[in-house]
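Student: Mind looking over this structure? Questions follow.
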Amino acid sequence: LGMAQRKFAQCLGEFQFEYIGDAKTDDERCIDESLQEFSSFLKNLEDQRELMMRNITETLMKPLESFRKEHLGQVRTERKKYEKETEKYYSSLEKLLNMSAKKKEPQLQEADSQVETIRQHFQEESLEYVCKLQEIQERKKFECVEPPMKKRGCVTESFTDNSSREPACHPRLKTEKHKVNMS
């Protein structure tokens, strides 16, 4: 769309009326000036749109992308650990259940204690995974909301005289951010 508008603006800027006689009439001059002005307006509009898109990318998309890479990557790592421990725990539990009842008591007790150790490690990994998920949910409350709010504040300030008003959700964002930083 941007390229099409730029080409259109260029065509308007290069457009020349063919006129009869040696000089242009007042109407022809007025139309030429209007086309030139409209051409320059379209070029300026496209420049501003591109600037706005770059600004949006910098202020909105990059923070969200970094949140996704940094924090969600950590959750994937925790999930892999959790899945590995789950598999390990259930396979050891299955081995214990498949042990013959004819085995001697010390062997059964040893296998039982191994399963208990693996179960405890599995529970620790489960809790770490759940804590990481909870942390991400809490971070999401402010890290995914702050960039658009900041952007909205900049846009609002440029259109209103009363920029000192703080949106109602800013105190909530600060509270959530403080909670996550404290934990």
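As shown in the structure tokens, the chain order sets the letters A, B, ...; within each chain, residues go from 1, and ligands are also counted from 1 in the order they appear.
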Identify, on the basis of only C-alpha atoms, every residue whose closest approach to A:Leu72 does not exceed 12 Å; exclude the query and any residue fewer than 6 positions from it along the same chain; express the result as an MDAnalysis selection string.

Tutor: chainID A and resid 64:66 78:79 129 132:137 139:140

Student: Export, as a CSV table (one decimal), in the first residue's frame, the selected residues with all heavy atoms.

Tutor:
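Heads up, here's the output in out-v1.csv:
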chain,number,residue,atom,x,y,z
A,64,LEU,N,7.7,-6.8,23.6
A,64,LEU,CA,7.0,-8.1,23.6
A,64,LEU,C,7.8,-9.2,23.1
A,64,LEU,O,7.7,-10.3,23.6
A,64,LEU,CB,5.7,-7.9,22.8
A,64,LEU,CG,4.7,-7.0,23.3
A,64,LEU,CD1,3.5,-6.8,22.4
A,64,LEU,CD2,4.2,-7.4,24.7
A,65,GLU,N,8.6,-9.0,22.1
A,65,GLU,CA,9.5,-10.0,21.5
A,65,GLU,C,10.5,-10.4,22.6
A,65,GLU,O,10.8,-11.6,22.8
A,65,GLU,CB,10.1,-9.5,20.3
A,65,GLU,CG,11.0,-10.6,19.6
A,65,GLU,CD,10.2,-11.7,18.9
A,65,GLU,OE1,9.0,-11.6,18.7
A,65,GLU,OE2,10.8,-12.8,18.7
A,66,SER,N,11.1,-9.5,23.2
A,66,SER,CA,12.1,-9.8,24.3
A,66,SER,C,11.5,-10.5,25.4
A,66,SER,O,12.1,-11.5,26.0
A,66,SER,CB,12.8,-8.6,24.7
A,66,SER,OG,12.0,-7.8,25.6
A,78,GLU,N,12.0,-25.1,31.8
A,78,GLU,CA,11.4,-25.7,33.0
A,78,GLU,C,10.4,-26.9,32.6
A,78,GLU,O,10.4,-27.9,33.3
A,78,GLU,CB,10.7,-24.7,33.8
A,78,GLU,CG,11.5,-23.7,34.6
A,78,GLU,CD,12.4,-24.4,35.6
A,78,GLU,OE1,11.9,-25.4,36.3
A,78,GLU,OE2,13.5,-24.0,35.8
A,79,ARG,N,9.7,-26.7,31.5
A,79,ARG,CA,8.7,-27.7,31.1
A,79,ARG,C,9.5,-29.0,30.7
A,79,ARG,O,9.1,-30.1,31.0
A,79,ARG,CB,7.9,-27.2,29.9
A,79,ARG,CG,6.8,-28.2,29.6
A,79,ARG,CD,6.0,-27.8,28.4
A,79,ARG,NE,6.8,-28.1,27.2
A,79,ARG,CZ,6.8,-27.3,26.1
A,79,ARG,NH1,6.1,-26.2,26.1
A,79,ARG,NH2,7.6,-27.6,25.1
A,129,TYR,N,8.3,-25.8,38.1
A,129,TYR,CA,7.6,-25.5,36.9
A,129,TYR,C,6.4,-24.6,37.1
A,129,TYR,O,6.2,-23.7,36.5
A,129,TYR,CB,7.3,-26.8,36.2
A,129,TYR,CG,6.6,-26.7,34.9
A,129,TYR,CD1,7.0,-25.9,33.9
A,129,TYR,CD2,5.4,-27.4,34.7
A,129,TYR,CE1,6.4,-25.7,32.7
A,129,TYR,CE2,4.7,-27.3,33.5
A,129,TYR,CZ,5.2,-26.5,32.5
A,129,TYR,OH,4.5,-26.3,31.3
A,132,LYS,N,7.4,-21.1,38.0
A,132,LYS,CA,7.8,-20.4,36.8
A,132,LYS,C,6.6,-19.9,36.0
A,132,LYS,O,6.5,-18.8,35.5
A,132,LYS,CB,8.7,-21.2,36.0
A,132,LYS,CG,9.4,-20.5,34.8
A,132,LYS,CD,10.1,-19.2,35.2
A,132,LYS,CE,11.5,-19.4,35.5
A,132,LYS,NZ,12.2,-18.1,35.7
A,133,LEU,N,5.6,-20.8,35.9
A,133,LEU,CA,4.4,-20.5,35.2
A,133,LEU,C,3.7,-19.3,35.9
A,133,LEU,O,3.2,-18.4,35.2
A,133,LEU,CB,3.4,-21.7,35.0
A,133,LEU,CG,3.8,-22.8,34.1
A,133,LEU,CD1,2.9,-23.9,34.2
A,133,LEU,CD2,3.9,-22.2,32.6
A,134,GLN,N,3.6,-19.4,37.2
A,134,GLN,CA,2.9,-18.3,37.9
A,134,GLN,C,3.7,-17.0,37.8
A,134,GLN,O,3.1,-16.0,37.6
A,134,GLN,CB,2.9,-18.7,39.4
A,134,GLN,CG,2.1,-17.8,40.3
A,134,GLN,CD,0.7,-17.6,39.9
A,134,GLN,OE1,0.1,-18.6,39.5
A,134,GLN,NE2,0.1,-16.4,40.1
A,135,GLU,N,5.0,-17.1,37.8
A,135,GLU,CA,5.8,-15.9,37.7
A,135,GLU,C,5.6,-15.2,36.3
A,135,GLU,O,5.4,-14.0,36.2
A,135,GLU,CB,7.3,-16.2,37.8
A,135,GLU,CG,8.2,-15.0,37.6
A,135,GLU,CD,9.7,-15.4,37.6
A,135,GLU,OE1,10.1,-16.4,38.2
A,135,GLU,OE2,10.5,-14.6,36.9
A,136,ILE,N,5.5,-16.1,35.3
A,136,ILE,CA,5.2,-15.5,33.9
A,136,ILE,C,3.9,-14.9,33.9
A,136,ILE,O,3.7,-13.8,33.3
A,136,ILE,CB,5.4,-16.7,32.9
A,136,ILE,CG1,6.8,-17.1,32.7
A,136,ILE,CG2,4.8,-16.2,31.5
A,136,ILE,CD1,7.8,-16.0,32.3
A,137,GLN,N,2.9,-15.5,34.5
A,137,GLN,CA,1.5,-15.0,34.5
A,137,GLN,C,1.5,-13.6,35.2
A,137,GLN,O,0.9,-12.7,34.7
A,137,GLN,CB,0.5,-15.9,35.2
A,137,GLN,CG,0.2,-17.2,34.4
A,137,GLN,CD,-0.6,-16.9,33.2
A,137,GLN,OE1,-0.4,-15.9,32.5
A,137,GLN,NE2,-1.4,-17.8,32.9
A,139,ARG,N,4.2,-11.6,35.5
A,139,ARG,CA,5.0,-10.6,34.7
A,139,ARG,C,4.2,-10.2,33.5
A,139,ARG,O,4.3,-9.0,33.1
A,139,ARG,CB,6.3,-11.3,34.2
A,139,ARG,CG,7.3,-11.3,35.2
A,139,ARG,CD,8.6,-11.8,34.6
A,139,ARG,NE,9.7,-11.8,35.5
A,139,ARG,CZ,10.4,-10.7,35.9
A,139,ARG,NH1,10.1,-9.6,35.3
A,139,ARG,NH2,11.3,-10.8,36.7
A,140,LYS,N,3.4,-11.1,33.0
A,140,LYS,CA,2.6,-10.7,31.8
A,140,LYS,C,1.6,-9.6,32.1
A,140,LYS,O,1.3,-8.8,31.3
A,140,LYS,CB,1.8,-12.0,31.4
A,140,LYS,CG,1.3,-11.9,30.0
A,140,LYS,CD,0.8,-13.3,29.5
A,140,LYS,CE,-0.2,-13.9,30.4
A,140,LYS,NZ,-0.8,-15.1,29.8

Student: Neighbouring residues of A:Asp32 were defined as those with any atom within 10 Å, considering only C-alpha atoms; residues of the same chain fewer than 2 positions away were excluded. Please report them as a PDB file with all heavy atoms, in the first residue's frame.

Tutor:
ATOM      1  N   LEU A  12       1.336  12.121  -9.465  1.00  0.00           N
ATOM      2  CA  LEU A  12       0.668  13.424  -9.327  1.00  0.00           C
ATOM      3  C   LEU A  12       1.681  14.562  -9.415  1.00  0.00           C
ATOM      4  O   LEU A  12       1.406  15.606 -10.018  1.00  0.00           O
ATOM      5  CB  LEU A  12      -0.069  13.509  -7.992  1.00  0.00           C
ATOM      6  CG  LEU A  12      -1.376  12.749  -7.879  1.00  0.00           C
ATOM      7  CD1 LEU A  12      -1.951  12.908  -6.474  1.00  0.00           C
ATOM      8  CD2 LEU A  12      -2.386  13.229  -8.898  1.00  0.00           C
ATOM      9  N   GLY A  13       2.836  14.370  -8.797  1.00  0.00           N
ATOM     10  CA  GLY A  13       3.865  15.411  -8.814  1.00  0.00           C
ATOM     11  C   GLY A  13       4.420  15.654 -10.208  1.00  0.00           C
ATOM     12  O   GLY A  13       4.789  16.781 -10.558  1.00  0.00           O
ATOM     13  N   GLU A  14       4.488  14.612 -11.027  1.00  0.00           N
ATOM     14  CA  GLU A  14       5.045  14.740 -12.373  1.00  0.00           C
ATOM     15  C   GLU A  14       3.984  15.078 -13.423  1.00  0.00           C
ATOM     16  O   GLU A  14       4.313  15.314 -14.574  1.00  0.00           O
ATOM     17  CB  GLU A  14       5.743  13.428 -12.752  1.00  0.00           C
ATOM     18  CG  GLU A  14       6.957  13.125 -11.913  1.00  0.00           C
ATOM     19  CD  GLU A  14       7.497  11.720 -12.149  1.00  0.00           C
ATOM     20  OE1 GLU A  14       6.847  10.927 -12.881  1.00  0.00           O
ATOM     21  OE2 GLU A  14       8.563  11.406 -11.579  1.00  0.00           O
ATOM     22  N   PHE A  15       2.734  15.059 -13.004  1.00  0.00           N
ATOM     23  CA  PHE A  15       1.643  15.287 -13.952  1.00  0.00           C
ATOM     24  C   PHE A  15       1.712  16.705 -14.522  1.00  0.00           C
ATOM     25  O   PHE A  15       1.870  17.676 -13.798  1.00  0.00           O
ATOM     26  CB  PHE A  15       0.287  15.071 -13.253  1.00  0.00           C
ATOM     27  CG  PHE A  15      -0.881  15.196 -14.178  1.00  0.00           C
ATOM     28  CD1 PHE A  15      -1.196  14.168 -15.047  1.00  0.00           C
ATOM     29  CD2 PHE A  15      -1.650  16.348 -14.189  1.00  0.00           C
ATOM     30  CE1 PHE A  15      -2.273  14.288 -15.907  1.00  0.00           C
ATOM     31  CE2 PHE A  15      -2.716  16.471 -15.048  1.00  0.00           C
ATOM     32  CZ  PHE A  15      -3.041  15.438 -15.908  1.00  0.00           C
ATOM     33  N   GLN A  16       1.606  16.789 -15.837  1.00  0.00           N
ATOM     34  CA  GLN A  16       1.618  18.082 -16.524  1.00  0.00           C
ATOM     35  C   GLN A  16       0.413  18.160 -17.451  1.00  0.00           C
ATOM     36  O   GLN A  16       0.159  17.259 -18.236  1.00  0.00           O
ATOM     37  CB  GLN A  16       2.893  18.238 -17.362  1.00  0.00           C
ATOM     38  CG  GLN A  16       4.174  18.305 -16.566  1.00  0.00           C
ATOM     39  CD  GLN A  16       4.255  19.579 -15.748  1.00  0.00           C
ATOM     40  OE1 GLN A  16       3.881  20.659 -16.214  1.00  0.00           O
ATOM     41  NE2 GLN A  16       4.742  19.447 -14.526  1.00  0.00           N
ATOM     42  N   PHE A  17      -0.308  19.224 -17.302  1.00  0.00           N
ATOM     43  CA  PHE A  17      -1.438  19.446 -18.191  1.00  0.00           C
ATOM     44  C   PHE A  17      -0.924  19.876 -19.559  1.00  0.00           C
ATOM     45  O   PHE A  17       0.058  20.610 -19.667  1.00  0.00           O
ATOM     46  CB  PHE A  17      -2.331  20.599 -17.684  1.00  0.00           C
ATOM     47  CG  PHE A  17      -3.471  20.145 -16.832  1.00  0.00           C
ATOM     48  CD1 PHE A  17      -3.548  20.525 -15.503  1.00  0.00           C
ATOM     49  CD2 PHE A  17      -4.479  19.351 -17.357  1.00  0.00           C
ATOM     50  CE1 PHE A  17      -4.594  20.125 -14.714  1.00  0.00           C
ATOM     51  CE2 PHE A  17      -5.533  18.963 -16.575  1.00  0.00           C
ATOM     52  CZ  PHE A  17      -5.590  19.349 -15.245  1.00  0.00           C
ATOM     53  N   LYS A  24      -0.522  29.223 -19.267  1.00  0.00           N
ATOM     54  CA  LYS A  24      -1.584  28.516 -18.541  1.00  0.00           C
ATOM     55  C   LYS A  24      -2.618  29.529 -18.072  1.00  0.00           C
ATOM     56  O   LYS A  24      -2.287  30.674 -17.760  1.00  0.00           O
ATOM     57  CB  LYS A  24      -1.027  27.817 -17.297  1.00  0.00           C
ATOM     58  CG  LYS A  24      -0.101  26.680 -17.569  1.00  0.00           C
ATOM     59  CD  LYS A  24       0.317  26.062 -16.236  1.00  0.00           C
ATOM     60  CE  LYS A  24       1.352  24.996 -16.437  1.00  0.00           C
ATOM     61  NZ  LYS A  24       1.781  24.409 -15.167  1.00  0.00           N
ATOM     62  N   ASP A  26      -5.514  30.674 -15.242  1.00  0.00           N
ATOM     63  CA  ASP A  26      -5.531  30.676 -13.774  1.00  0.00           C
ATOM     64  C   ASP A  26      -6.061  29.342 -13.241  1.00  0.00           C
ATOM     65  O   ASP A  26      -5.542  28.822 -12.251  1.00  0.00           O
ATOM     66  CB  ASP A  26      -6.398  31.819 -13.242  1.00  0.00           C
ATOM     67  CG  ASP A  26      -5.745  33.182 -13.452  1.00  0.00           C
ATOM     68  OD1 ASP A  26      -4.513  33.207 -13.662  1.00  0.00           O
ATOM     69  OD2 ASP A  26      -6.461  34.195 -13.372  1.00  0.00           O
ATOM     70  N   ASP A  27      -7.067  28.804 -13.884  1.00  0.00           N
ATOM     71  CA  ASP A  27      -7.628  27.515 -13.448  1.00  0.00           C
ATOM     72  C   ASP A  27      -6.601  26.396 -13.612  1.00  0.00           C
ATOM     73  O   ASP A  27      -6.466  25.534 -12.733  1.00  0.00           O
ATOM     74  CB  ASP A  27      -8.883  27.172 -14.265  1.00  0.00           C
ATOM     75  CG  ASP A  27     -10.072  28.061 -13.922  1.00  0.00           C
ATOM     76  OD1 ASP A  27     -10.036  28.675 -12.822  1.00  0.00           O
ATOM     77  OD2 ASP A  27     -11.024  28.111 -14.711  1.00  0.00           O
ATOM     78  N   GLU A  28      -5.889  26.399 -14.704  1.00  0.00           N
ATOM     79  CA  GLU A  28      -4.866  25.368 -14.922  1.00  0.00           C
ATOM     80  C   GLU A  28      -3.746  25.485 -13.895  1.00  0.00           C
ATOM     81  O   GLU A  28      -3.267  24.476 -13.368  1.00  0.00           O
ATOM     82  CB  GLU A  28      -4.308  25.477 -16.344  1.00  0.00           C
ATOM     83  CG  GLU A  28      -5.304  25.055 -17.402  1.00  0.00           C
ATOM     84  CD  GLU A  28      -4.826  25.377 -18.814  1.00  0.00           C
ATOM     85  OE1 GLU A  28      -3.976  26.291 -18.984  1.00  0.00           O
ATOM     86  OE2 GLU A  28      -5.303  24.705 -19.736  1.00  0.00           O
ATOM     87  N   ARG A  29      -3.324  26.702 -13.586  1.00  0.00           N
ATOM     88  CA  ARG A  29      -2.306  26.905 -12.551  1.00  0.00           C
ATOM     89  C   ARG A  29      -2.813  26.425 -11.189  1.00  0.00           C
ATOM     90  O   ARG A  29      -2.088  25.785 -10.433  1.00  0.00           O
ATOM     91  CB  ARG A  29      -1.909  28.380 -12.474  1.00  0.00           C
ATOM     92  CG  ARG A  29      -0.711  28.684 -13.319  1.00  0.00           C
ATOM     93  CD  ARG A  29      -0.183  30.092 -13.069  1.00  0.00           C
ATOM     94  NE  ARG A  29      -0.358  30.793 -14.333  1.00  0.00           N
ATOM     95  CZ  ARG A  29      -1.176  31.805 -14.575  1.00  0.00           C
ATOM     96  NH1 ARG A  29      -1.863  32.342 -13.612  1.00  0.00           N
ATOM     97  NH2 ARG A  29      -1.269  32.333 -15.759  1.00  0.00           N
ATOM     98  N   CYS A  30      -4.044  26.739 -10.881  1.00  0.00           N
ATOM     99  CA  CYS A  30      -4.644  26.336  -9.601  1.00  0.00           C
ATOM    100  C   CYS A  30      -4.707  24.809  -9.505  1.00  0.00           C
ATOM    101  O   CYS A  30      -4.380  24.238  -8.455  1.00  0.00           O
ATOM    102  CB  CYS A  30      -6.035  26.954  -9.486  1.00  0.00           C
ATOM    103  SG  CYS A  30      -6.834  26.587  -7.925  1.00  0.00           S
ATOM    104  N   SER A  34      -2.672  22.494  -6.919  1.00  0.00           N
ATOM    105  CA  SER A  34      -3.421  21.565  -6.064  1.00  0.00           C
ATOM    106  C   SER A  34      -2.872  20.153  -6.193  1.00  0.00           C
ATOM    107  O   SER A  34      -2.713  19.447  -5.187  1.00  0.00           O
ATOM    108  CB  SER A  34      -4.906  21.565  -6.429  1.00  0.00           C
ATOM    109  OG  SER A  34      -5.481  22.813  -6.166  1.00  0.00           O
ATOM    110  N   LEU A  35      -2.547  19.729  -7.408  1.00  0.00           N
ATOM    111  CA  LEU A  35      -1.977  18.397  -7.608  1.00  0.00           C
ATOM    112  C   LEU A  35      -0.608  18.286  -6.948  1.00  0.00           C
ATOM    113  O   LEU A  35      -0.286  17.259  -6.328  1.00  0.00           O
ATOM    114  CB  LEU A  35      -1.889  18.069  -9.103  1.00  0.00           C
ATOM    115  CG  LEU A  35      -3.223  17.811  -9.820  1.00  0.00           C
ATOM    116  CD1 LEU A  35      -2.992  17.614 -11.313  1.00  0.00           C
ATOM    117  CD2 LEU A  35      -3.927  16.609  -9.226  1.00  0.00           C
ATOM    118  N   GLN A  36       0.201  19.333  -7.084  1.00  0.00           N
ATOM    119  CA  GLN A  36       1.521  19.332  -6.449  1.00  0.00           C
ATOM    120  C   GLN A  36       1.386  19.278  -4.919  1.00  0.00           C
ATOM    121  O   GLN A  36       2.107  18.542  -4.250  1.00  0.00           O
ATOM    122  CB  GLN A  36       2.326  20.581  -6.850  1.00  0.00           C
ATOM    123  CG  GLN A  36       2.720  20.635  -8.300  1.00  0.00           C
ATOM    124  CD  GLN A  36       3.592  19.463  -8.699  1.00  0.00           C
ATOM    125  OE1 GLN A  36       4.509  19.078  -7.978  1.00  0.00           O
ATOM    126  NE2 GLN A  36       3.292  18.864  -9.826  1.00  0.00           N
ATOM    127  N   GLU A  37       0.446  20.052  -4.406  1.00  0.00           N
ATOM    128  CA  GLU A  37       0.225  20.069  -2.962  1.00  0.00           C
ATOM    129  C   GLU A  37      -0.263  18.698  -2.474  1.00  0.00           C
ATOM    130  O   GLU A  37       0.202  18.191  -1.451  1.00  0.00           O
ATOM    131  CB  GLU A  37      -0.840  21.133  -2.633  1.00  0.00           C
ATOM    132  CG  GLU A  37      -0.492  21.970  -1.439  1.00  0.00           C
ATOM    133  CD  GLU A  37      -1.514  23.077  -1.241  1.00  0.00           C
ATOM    134  OE1 GLU A  37      -1.458  24.070  -1.990  1.00  0.00           O
ATOM    135  OE2 GLU A  37      -2.341  22.923  -0.329  1.00  0.00           O
ATOM    136  N   PHE A  38      -1.181  18.116  -3.212  1.00  0.00           N
ATOM    137  CA  PHE A  38      -1.706  16.795  -2.832  1.00  0.00           C
ATOM    138  C   PHE A  38      -0.605  15.743  -2.928  1.00  0.00           C
ATOM    139  O   PHE A  38      -0.499  14.861  -2.078  1.00  0.00           O
ATOM    140  CB  PHE A  38      -2.904  16.418  -3.713  1.00  0.00           C
ATOM    141  CG  PHE A  38      -3.623  15.183  -3.244  1.00  0.00           C
ATOM    142  CD1 PHE A  38      -4.231  15.137  -2.004  1.00  0.00           C
ATOM    143  CD2 PHE A  38      -3.670  14.062  -4.050  1.00  0.00           C
ATOM    144  CE1 PHE A  38      -4.882  14.001  -1.567  1.00  0.00           C
ATOM    145  CE2 PHE A  38      -4.318  12.917  -3.620  1.00  0.00           C
ATOM    146  CZ  PHE A  38      -4.933  12.887  -2.382  1.00  0.00           C
TER     147      PHE A  38
END

Student: If you run DSSP over the backbone, which residues in chain A end up helix (DSSP H, G or I)? Put them as a PyMOL selection string.

Tutor: chain A and resi 2-14+26-98+105-143+146-159+170-182

Student: Enter the distance from atom CA of A:Gln120 to atom CA of A:Ser92, in Å, rounded to one decimal.

Tutor: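 Rounded to one decimal, the two atoms are 12.6 Å apart.
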
Student: Need to verify the contact set: stretch 51-60 of chain A, 10 Å, only C-alpha atoms, exclusion of same-chain residues closer than 5 positions in sequence. Can you return it as a PyMOL selection string?

Tutor: chain A and resi 45-46+65+144-151

Student: Name the closest residue to A:Asn44 among the candidates A:Leu93, A:Val115, A:Gln10, A:His178; distances are taken between atoms, counting only C-alpha atoms.

Tutor: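 Closest to A:Asn44, using only C-alpha atoms: A:Gln10.
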
Student: List as number ranges by chain the protein and nucleic acid residues near stretch 121-126 of chain A, meaning an atom at most 7 Å away when only C-alpha atoms are counted, but skip any in the same chain fewer than 4 places from it.

Tutor: A: 82, 85-86, 89, 117, 130

Student: Between atom CA of A:Phe8 and atom CA of A:Leu42, what is the distance, to one decimal in Å?

Tutor: 8.4 Å
